[in-house]
Amino acid sequence: MATAGKVIKCKAAVAWALNKPLVIEEIEVAPPQANEVRIKIVTTGVCHTDLYHLFEGVNKDDFPIVLGHEGAGIVESVGPGVTEFQPGDKVIPLPFPQCGKCRFCKSPKTNQCADAWNTDSMKSSEDSRFTCKGKKVLQFFGTSTFSQYTVMNQMAVAKIDPAAPLDKVFLLGCGICTGYGAAVNTAKVQPDSTCAVFGLGAVGLAAVMGCKTAGAKRIIAVDINPDKFEKAKVFGATDFVNPKDHSKPINEVLFEMTNGGVDFSLECVGKVDIMCSALKSSAPGWGVSVIVGWTDMYDVAVRPVELISGRTWKGSLFGGFKSKDGVPEMVKAYMDKKVKLDEFITHNMTLDQINDAIELMKQSKCIRAVMSVSPQ
């Protein structure tokens, strides 16, 4: 392409400070270096993890930054040493890399990668390929999809079916794989089992879909917003519980509903008190509870007897999918009509409306907004 090897000036939504609206700016995106790929972002969405960093972050040094980690685009150019990708490839950026070489990548037991532990969730200012108004701008999870162009390491990029619609499959870059995989890969939900999913955002609805795919006979959707229950039914929920409708703790309500607790519970909110409730709602002896919602703000605490009784408490990152392998497989599953994506999209917007999309997410009025970033 004509822009290969050159600095690209483009539009991006920059977060200059904690708890402040994003600002649409013109930024400079440097060419990719060794083992890097420069991507034209076509579509992106807002995830709660973006909001977590913007509104709950604690380090003012994490700004300025371009947020966004759930997107899809087209390879514009590649750096030296890149053989897997070429200009024109359709790709999904990955917030979690897969180097394929470390002991974790080689193990079938996990989707962790040692490289993810060796780097911060934000590229350091020396490594970022972004500048704006003479200042280095950080990259979020090394991705930054709230920009028309971004530069990423090739081990954090997945090449996908060229026929895949980018305005749908971008969802597989984070939320849908996270929830769906938590049920299928991490919890390993069994046929004819009873499940409870706490939180009906995109991740929770994807977890409901995963439970349904795995053959659960009863899927209890738990949320304080009753407007979400009809949407949950689309993905396979059979029962609906609003904690505000009950005077007793929600785990006691579920215990009574299921004659002693659910087989599998999934917490998809990111609040420690709900994580504990989800654990206590699972059946003593064999219940499995999975922490899916992201937070790093508080400790969790339960009495040892809750685990001594035989429950299993697990965590799930990106739904247990090895990212470069799993995302193309999920794209194929969508193309084969085995998983739903269209039903998650509630709003169509542009990057210029990014603050409106964030406000909709904060007010729980949006499951996912697809935002057009660049023309395809």
# chains A, B, ... in the order shown; residues from 1 in each chain; ligands from 1

$ residues_around --residues "Thr43 in chain A" --least-positions-apart "6" --cutoff "6 Å" --atoms "only C-alpha atoms" --output "PyMOL selection string"
chain A and resi 71-72+167+371-373

$ write_last_selection --atoms "N, CA and C atoms" --output "PDB file, in the first residue's frame"
ATOM      1  N   GLY A  71     -12.126  -5.132  18.508  1.00  0.00           N
ATOM      2  CA  GLY A  71     -12.283  -4.552  17.178  1.00  0.00           C
ATOM      3  C   GLY A  71     -11.907  -5.531  16.085  1.00  0.00           C
ATOM      4  N   ALA A  72     -11.976  -5.041  14.852  1.00  0.00           N
ATOM      5  CA  ALA A  72     -11.598  -5.841  13.686  1.00  0.00           C
ATOM      6  C   ALA A  72     -11.136  -4.896  12.589  1.00  0.00           C
ATOM      7  N   ASP A 167     -18.146  -6.033  10.882  1.00  0.00           N
ATOM      8  CA  ASP A 167     -19.048  -5.331  11.797  1.00  0.00           C
ATOM      9  C   ASP A 167     -19.829  -6.279  12.694  1.00  0.00           C
ATOM     10  N   MET A 371     -19.252   0.417  16.361  1.00  0.00           N
ATOM     11  CA  MET A 371     -18.838   1.744  15.938  1.00  0.00           C
ATOM     12  C   MET A 371     -17.989   1.653  14.674  1.00  0.00           C
ATOM     13  N   SER A 372     -18.423   2.353  13.657  1.00  0.00           N
ATOM     14  CA  SER A 372     -17.657   2.425  12.418  1.00  0.00           C
ATOM     15  C   SER A 372     -16.463   3.352  12.649  1.00  0.00           C
ATOM     16  N   VAL A 373     -15.261   2.848  12.365  1.00  0.00           N
ATOM     17  CA  VAL A 373     -14.032   3.610  12.610  1.00  0.00           C
ATOM     18  C   VAL A 373     -13.433   4.097  11.294  1.00  0.00           C
TER      19      VAL A 373
END

$ select_by_dssp --residues "range 23-267 of chain A" --states "alpha helix (DSSP H)" --output "PyMOL selection string"
chain A and resi 48-56+114-118+166-169+175-181+202-213+229-235+250-257

$ write_last_selection --atoms "N, CA and C atoms" --output "compact mmCIF listing (two decimals), in the first residue's frame"
# COMPACT_ATOMS: atom_id res chain seq x y z
N HIS A 48 -16.63 -3.15 29.01
CA HIS A 48 -16.55 -2.64 30.38
C HIS A 48 -15.11 -2.49 30.86
N THR A 49 -14.18 -3.23 30.28
CA THR A 49 -12.78 -3.09 30.68
C THR A 49 -12.24 -1.72 30.29
N ASP A 50 -12.72 -1.18 29.17
CA ASP A 50 -12.34 0.18 28.80
C ASP A 50 -12.84 1.18 29.85
N LEU A 51 -14.10 0.99 30.27
CA LEU A 51 -14.67 1.87 31.29
C LEU A 51 -13.94 1.73 32.62
N TYR A 52 -13.54 0.52 32.94
CA TYR A 52 -12.81 0.26 34.19
C TYR A 52 -11.54 1.10 34.22
N HIS A 53 -10.81 1.12 33.11
CA HIS A 53 -9.55 1.88 33.08
C HIS A 53 -9.82 3.38 33.12
N LEU A 54 -10.86 3.81 32.42
CA LEU A 54 -11.14 5.24 32.31
C LEU A 54 -11.70 5.83 33.60
N PHE A 55 -12.52 5.05 34.31
CA PHE A 55 -13.21 5.60 35.47
C PHE A 55 -12.72 5.06 36.82
N GLU A 56 -12.02 3.93 36.81
CA GLU A 56 -11.59 3.34 38.08
C GLU A 56 -10.08 3.17 38.16
N ALA A 114 3.29 -16.53 28.55
CA ALA A 114 4.30 -15.87 29.37
C ALA A 114 4.56 -14.45 28.90
N ASP A 115 4.42 -14.20 27.62
CA ASP A 115 4.69 -12.85 27.11
C ASP A 115 3.70 -11.84 27.69
N ALA A 116 2.47 -12.28 27.93
CA ALA A 116 1.47 -11.37 28.50
C ALA A 116 1.87 -10.95 29.90
N TRP A 117 2.62 -11.79 30.60
CA TRP A 117 3.06 -11.47 31.96
C TRP A 117 4.29 -10.59 31.95
N ASN A 118 5.01 -10.59 30.83
CA ASN A 118 6.24 -9.81 30.74
C ASN A 118 6.00 -8.38 30.28
N LEU A 166 -16.83 -7.82 9.23
CA LEU A 166 -16.08 -7.22 10.33
C LEU A 166 -16.99 -6.52 11.34
N ASP A 167 -18.15 -6.03 10.88
CA ASP A 167 -19.05 -5.33 11.80
C ASP A 167 -19.83 -6.28 12.69
N LYS A 168 -19.58 -7.55 12.59
CA LYS A 168 -20.17 -8.56 13.48
C LYS A 168 -19.07 -9.28 14.27
N VAL A 169 -18.06 -9.79 13.57
CA VAL A 169 -17.06 -10.65 14.21
C VAL A 169 -16.11 -9.88 15.11
N GLY A 175 -15.48 -9.73 24.46
CA GLY A 175 -16.60 -10.09 25.31
C GLY A 175 -17.26 -11.42 25.03
N ILE A 176 -17.51 -11.73 23.77
CA ILE A 176 -18.26 -12.95 23.46
C ILE A 176 -17.42 -14.19 23.73
N CYS A 177 -16.16 -14.16 23.31
CA CYS A 177 -15.29 -15.30 23.62
C CYS A 177 -15.12 -15.46 25.13
N THR A 178 -15.04 -14.34 25.84
CA THR A 178 -14.85 -14.39 27.29
C THR A 178 -16.01 -15.10 27.98
N GLY A 179 -17.24 -14.73 27.66
CA GLY A 179 -18.39 -15.35 28.31
C GLY A 179 -18.68 -16.75 27.83
N TYR A 180 -18.70 -16.91 26.51
CA TYR A 180 -19.00 -18.22 25.92
C TYR A 180 -17.98 -19.26 26.36
N GLY A 181 -16.71 -18.91 26.28
CA GLY A 181 -15.66 -19.85 26.66
C GLY A 181 -15.65 -20.17 28.14
N ALA A 202 -22.90 -8.13 27.75
CA ALA A 202 -22.49 -8.97 26.62
C ALA A 202 -21.79 -10.24 27.10
N VAL A 203 -20.92 -10.12 28.11
CA VAL A 203 -20.20 -11.30 28.60
C VAL A 203 -21.18 -12.29 29.23
N GLY A 204 -22.09 -11.81 30.05
CA GLY A 204 -23.06 -12.69 30.69
C GLY A 204 -23.99 -13.36 29.69
N LEU A 205 -24.45 -12.61 28.69
CA LEU A 205 -25.31 -13.20 27.67
C LEU A 205 -24.56 -14.25 26.86
N ALA A 206 -23.27 -13.99 26.61
CA ALA A 206 -22.46 -14.99 25.92
C ALA A 206 -22.29 -16.24 26.78
N ALA A 207 -22.19 -16.06 28.10
CA ALA A 207 -22.12 -17.21 29.00
C ALA A 207 -23.41 -18.01 28.96
N VAL A 208 -24.55 -17.31 28.91
CA VAL A 208 -25.83 -17.99 28.75
C VAL A 208 -25.83 -18.82 27.47
N MET A 209 -25.35 -18.22 26.38
CA MET A 209 -25.28 -18.93 25.10
C MET A 209 -24.38 -20.15 25.20
N GLY A 210 -23.27 -20.02 25.92
CA GLY A 210 -22.37 -21.15 26.10
C GLY A 210 -23.01 -22.28 26.89
N CYS A 211 -23.75 -21.91 27.95
CA CYS A 211 -24.46 -22.93 28.73
C CYS A 211 -25.47 -23.67 27.86
N LYS A 212 -26.17 -22.92 27.02
CA LYS A 212 -27.16 -23.52 26.12
C LYS A 212 -26.48 -24.47 25.14
N THR A 213 -25.38 -24.04 24.54
CA THR A 213 -24.65 -24.87 23.59
C THR A 213 -24.17 -26.16 24.25
N PHE A 229 -33.98 -9.30 30.57
CA PHE A 229 -34.42 -10.68 30.63
C PHE A 229 -34.91 -11.20 29.28
N GLU A 230 -35.59 -10.37 28.51
CA GLU A 230 -36.06 -10.82 27.20
C GLU A 230 -34.89 -11.13 26.28
N LYS A 231 -33.84 -10.31 26.36
CA LYS A 231 -32.64 -10.57 25.56
C LYS A 231 -31.99 -11.88 26.00
N ALA A 232 -31.95 -12.14 27.30
CA ALA A 232 -31.35 -13.38 27.80
C ALA A 232 -32.09 -14.60 27.29
N LYS A 233 -33.40 -14.47 27.13
CA LYS A 233 -34.21 -15.59 26.63
C LYS A 233 -33.78 -15.97 25.21
N VAL A 234 -33.40 -14.97 24.42
CA VAL A 234 -32.94 -15.22 23.04
C VAL A 234 -31.72 -16.14 23.03
N PHE A 235 -30.87 -16.01 24.05
CA PHE A 235 -29.64 -16.79 24.10
C PHE A 235 -29.78 -18.11 24.85
N ILE A 250 -29.31 -13.48 47.44
CA ILE A 250 -29.63 -14.14 46.18
C ILE A 250 -29.17 -15.59 46.16
N ASN A 251 -28.09 -15.89 46.85
CA ASN A 251 -27.63 -17.29 46.86
C ASN A 251 -28.64 -18.19 47.58
N GLU A 252 -29.33 -17.65 48.61
CA GLU A 252 -30.36 -18.42 49.29
C GLU A 252 -31.57 -18.63 48.38
N VAL A 253 -31.90 -17.60 47.60
CA VAL A 253 -33.01 -17.71 46.65
C VAL A 253 -32.72 -18.83 45.65
N LEU A 254 -31.51 -18.83 45.09
CA LEU A 254 -31.15 -19.85 44.10
C LEU A 254 -31.07 -21.23 44.74
N PHE A 255 -30.61 -21.29 45.98
CA PHE A 255 -30.54 -22.57 46.69
C PHE A 255 -31.92 -23.21 46.79
N GLU A 256 -32.90 -22.37 47.12
CA GLU A 256 -34.27 -22.88 47.25
C GLU A 256 -34.85 -23.25 45.89
N MET A 257 -34.57 -22.45 44.88
CA MET A 257 -35.10 -22.71 43.53
C MET A 257 -34.60 -24.03 42.96

$ select_by_dssp --residues "range 187-289 of chain A" --states "strand (DSSP E)" --output "list of chain:residue names"
A:Thr194, A:Cys195, A:Ala196, A:Val197, A:Phe198, A:Arg218, A:Ile219, A:Ile220, A:Ala221, A:Val222, A:Asp239, A:Phe240, A:Val241, A:Phe264, A:Ser265, A:Leu266, A:Glu267, A:Val288, A:Ser289

$ residues_around --residues "range 3-10 of chain A" --least-positions-apart "6" --cutoff "7 Å" --atoms "only C-alpha atoms" --output "count of residues only"
9

$ atom_distance --atom1 "CA of Leu317 in chain A" --atom2 "CA of Met275 in chain A"
15.0 Å

$ closest_residue --among "A:Ile160, A:Ala237, A:Val290, A:Cys99" --to "Asn185 in chain A" --atoms "only C-alpha atoms"
A:Val290

$ atom_distance --atom1 "CA of Gln363 in chain A" --atom2 "CA of Pro249 in chain A"
24.3 Å

$ residues_around --residues "Ser282 in chain A" --least-positions-apart "2" --cutoff "12 Å" --atoms "only C-alpha atoms" --output "JSON, numbers by chain"
{"A": [193, 194, 195, 196, 197, 250, 251, 252, 253, 254, 255, 256, 257, 258, 259, 260, 261, 262, 263, 264, 265, 266, 267, 275, 276, 277, 278, 279, 280, 284, 285, 286, 287, 288, 289, 290, 306, 307, 309, 310, 311, 312, 313]}

$ write_last_selection --atoms "C-alpha atoms" --output "compact mmCIF listing (two decimals), in the first residue's frame"
# COMPACT_ATOMS: atom_id res chain seq x y z
CA SER A 193 -27.13 -29.45 34.24
CA THR A 194 -28.48 -26.38 36.02
CA CYS A 195 -26.59 -23.11 35.64
CA ALA A 196 -26.81 -19.57 37.01
CA VAL A 197 -25.30 -16.59 35.20
CA ILE A 250 -29.63 -14.14 46.18
CA ASN A 251 -27.63 -17.29 46.86
CA GLU A 252 -30.36 -18.42 49.29
CA VAL A 253 -33.01 -17.71 46.65
CA LEU A 254 -31.15 -19.85 44.10
CA PHE A 255 -30.54 -22.57 46.69
CA GLU A 256 -34.27 -22.88 47.25
CA MET A 257 -35.10 -22.71 43.53
CA THR A 258 -32.73 -25.57 42.72
CA ASN A 259 -33.16 -27.81 45.77
CA GLY A 260 -29.63 -27.31 47.03
CA GLY A 261 -27.68 -25.17 44.56
CA VAL A 262 -26.80 -24.98 40.88
CA ASP A 263 -24.27 -27.24 39.19
CA PHE A 264 -22.46 -24.29 37.59
CA SER A 265 -22.45 -20.58 38.37
CA LEU A 266 -20.71 -17.84 36.41
CA GLU A 267 -20.06 -14.32 37.74
CA MET A 275 -18.43 -13.47 43.12
CA CYS A 276 -19.00 -14.73 46.64
CA SER A 277 -22.75 -15.00 46.08
CA ALA A 278 -22.17 -16.97 42.90
CA LEU A 279 -19.92 -19.40 44.77
CA LYS A 280 -22.45 -19.87 47.55
CA PRO A 284 -21.93 -28.29 47.90
CA GLY A 285 -20.14 -31.45 46.84
CA TRP A 286 -19.73 -30.75 43.13
CA GLY A 287 -20.73 -27.17 42.32
CA VAL A 288 -18.35 -25.22 40.07
CA SER A 289 -18.28 -21.43 40.21
CA VAL A 290 -16.31 -19.37 37.68
CA GLU A 306 -17.66 -22.97 51.46
CA LEU A 307 -14.79 -24.70 49.63
CA SER A 309 -17.69 -28.68 51.29
CA GLY A 310 -16.49 -29.71 47.85
CA ARG A 311 -17.16 -26.69 45.65
CA THR A 312 -14.64 -25.63 43.01
CA TRP A 313 -13.87 -21.92 42.50

$ atom_distance --atom1 "CA of Lys337 in chain A" --atom2 "CA of Pro165 in chain A"
13.2 Å

$ closest_residue --among "A:Val82, A:Val14, A:Cys132, A:Cys102" --to "Val66 in chain A" --atoms "only C-alpha atoms"
A:Val14

$ residues_around --residues "range 269-272 of chain A" --least-positions-apart "2" --cutoff "6 Å" --atoms "only C-alpha atoms" --output "list in words"
Gly199, Glu267, Ile274, Met275, Gly293, Trp294, Thr295 and Val300 of chain A

$ write_last_selection --atoms "N, CA, C and O atoms" --output "short mmCIF file (atom, residue, chain, number, x, y, z; two decimals), in the first residue's frame"
data_model
loop_
_atom_site.label_atom_id
_atom_site.label_comp_id
_atom_site.auth_asym_id
_atom_site.auth_seq_id
_atom_site.Cartn_x
_atom_site.Cartn_y
_atom_site.Cartn_z
N GLY A 199 -25.25 -11.36 35.93
CA GLY A 199 -24.90 -10.24 35.08
C GLY A 199 -25.21 -10.52 33.63
O GLY A 199 -24.70 -11.50 33.06
N GLU A 267 -19.96 -15.73 37.36
CA GLU A 267 -20.06 -14.32 37.74
C GLU A 267 -19.48 -13.48 36.61
O GLU A 267 -18.29 -13.56 36.31
N ILE A 274 -20.57 -10.18 44.46
CA ILE A 274 -21.33 -11.07 43.59
C ILE A 274 -20.56 -12.35 43.32
O ILE A 274 -21.14 -13.43 43.20
N MET A 275 -19.24 -12.26 43.26
CA MET A 275 -18.43 -13.47 43.12
C MET A 275 -18.67 -14.43 44.27
O MET A 275 -18.82 -15.65 44.07
N GLY A 293 -16.00 -11.85 35.49
CA GLY A 293 -15.93 -10.40 35.49
C GLY A 293 -14.57 -9.90 35.96
O GLY A 293 -13.98 -10.44 36.91
N TRP A 294 -14.07 -8.85 35.31
CA TRP A 294 -12.72 -8.36 35.58
C TRP A 294 -12.73 -7.29 36.66
O TRP A 294 -13.50 -6.34 36.61
N THR A 295 -11.86 -7.43 37.65
CA THR A 295 -11.56 -6.36 38.60
C THR A 295 -10.23 -6.67 39.27
O THR A 295 -9.84 -7.83 39.40
N VAL A 300 -11.24 -10.86 47.60
CA VAL A 300 -12.43 -11.66 47.85
C VAL A 300 -12.20 -12.47 49.12
O VAL A 300 -11.07 -12.86 49.41
#

$ residues_around --residues "Val37 in chain A" --least-positions-apart "5" --cutoff "12 Å" --atoms "only C-alpha atoms" --output "PyMOL selection string"
chain A and resi 4-5+29-32+73-89+91-93+129+142-143+149-159

$ residues_around --residues "Ala15 in chain A" --least-positions-apart "3" --cutoff "6 Å" --atoms "only C-alpha atoms" --output "list in words"
Leu22, Pro64 and Ile65 of chain A

$ closest_residue --among "A:Ala214, A:Gly68, A:Val331, A:Ile358" --to "Lys20 in chain A" --atoms "only C-alpha atoms"
A:Ile358
